[in-house]
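Working notes, beginning with the structure itself.
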Amino acid sequence: MQTPTEFVREQVTTVREKVDQLAGSVADTVAAEKEKVSATSSQVGDFIREQRSAARVSLRELARTAGVSNPYLSQVERGLRKPSAEILAAIAKGLQISAETLYEQAGILDRRSGNPDTVAAIRGDEALSERHRAVLLELYETYVREHAATQKTSTPKTTTPDSTEETA
């Protein structure tokens, strides 16, 4: 028969093993999430650098127009920093692109389905208000989904010489 001390030791040992097991699981999850954040930061930084180069804007000039420091913007481009939504909006304004485009790259917004060029054209049209852009994008996505659904359900019909209908 177990003494109360032995029983308590056994229970403590069991609890410690469970805690160690859970701590290892949490550490693995945190490491995986950290890696995803790092990959996203790198992706948005690469995108910002590409857009800056395409617009022929220097790092210093973009930092000034976005209201951030030159070193900070450099760190964002290299994927060392993950900018906030406000910073992304300021960078987008400096690059003269839509903030939503940067939000998608940063993983803040879900990517829109459909042709990226069409989505970018709708988002970049300055003649439209934000509300109109959102409505147009929603309609466009709906049409894209409906078209994809009809493509999956319809199968091309083939006719053979024996399967022609008789005319009366």
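Simple scheme: letters A, B, ... for chains in structure tokens order, numbers from 1 for residues in each chain, numbers from 1 for ligands in the order shown.
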Long-range neighbours of range 64-81 of chain A as a ChimeraX atom specification, 12 Å cut-off, only C-alpha atoms, 2 positions minimum in chain: /A:35-53,57-62,83-84,86-96,106
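For the choices A:Ala85, A:Leu137, A:Ala148, A:Ala127, the atom-to-atom distance to Gly107 in chain A is smallest for A:Ala85 when using only C-alpha atoms.
You will find CA of Glu130 in chain A at 10.1 Å from CA of Ser98 in chain A.
Near range 116-124 of chain A, within 9 Å and counting only C-alpha atoms, sit A:Gln96, A:Ile97, A:Ser98, A:Ala99, A:Glu100, A:Thr101, A:Arg112, A:Ser113, A:Gly114, A:Glu126, A:Ala127, A:Leu128, A:Glu130, A:Arg133, A:Ala134, A:Leu136, A:Leu137, A:Tyr140, not including residues fewer than 2 positions from it in the same chain.
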Pairwise distance for CA of Leu109 in chain A and CA of Glu141 in chain A, rounded to one decimal in Å: 14.8 Å
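Here CA of Thr14 in chain A and CA of Gln2 in chain A stand 15.8 Å from one another.
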- request: Give the helix (DSSP H, G or I) residues of chain A, as assigned by DSSP on the backbone, as JSON, numbers by chain.
  value: {"A": [4, 5, 6, 7, 8, 9, 10, 11, 12, 13, 14, 15, 16, 17, 18, 19, 20, 21, 22, 23, 24, 25, 26, 27, 28, 29, 30, 31, 32, 33, 34, 35, 36, 37, 38, 39, 40, 41, 42, 43, 44, 45, 46, 47, 48, 49, 50, 51, 52, 53, 54, 59, 60, 61, 62, 63, 64, 65, 66, 70, 71, 72, 73, 74, 75, 76, 77, 85, 86, 87, 88, 89, 90, 91, 92, 93, 94, 95, 99, 100, 101, 102, 103, 104, 105, 106, 116, 117, 118, 119, 120, 121, 122, 123, 124, 130, 131, 132, 133, 134, 135, 136, 137, 138, 139, 140, 141, 142, 143, 144, 145, 146, 147, 148, 149, 150, 151, 152, 153, 161, 162, 163]}
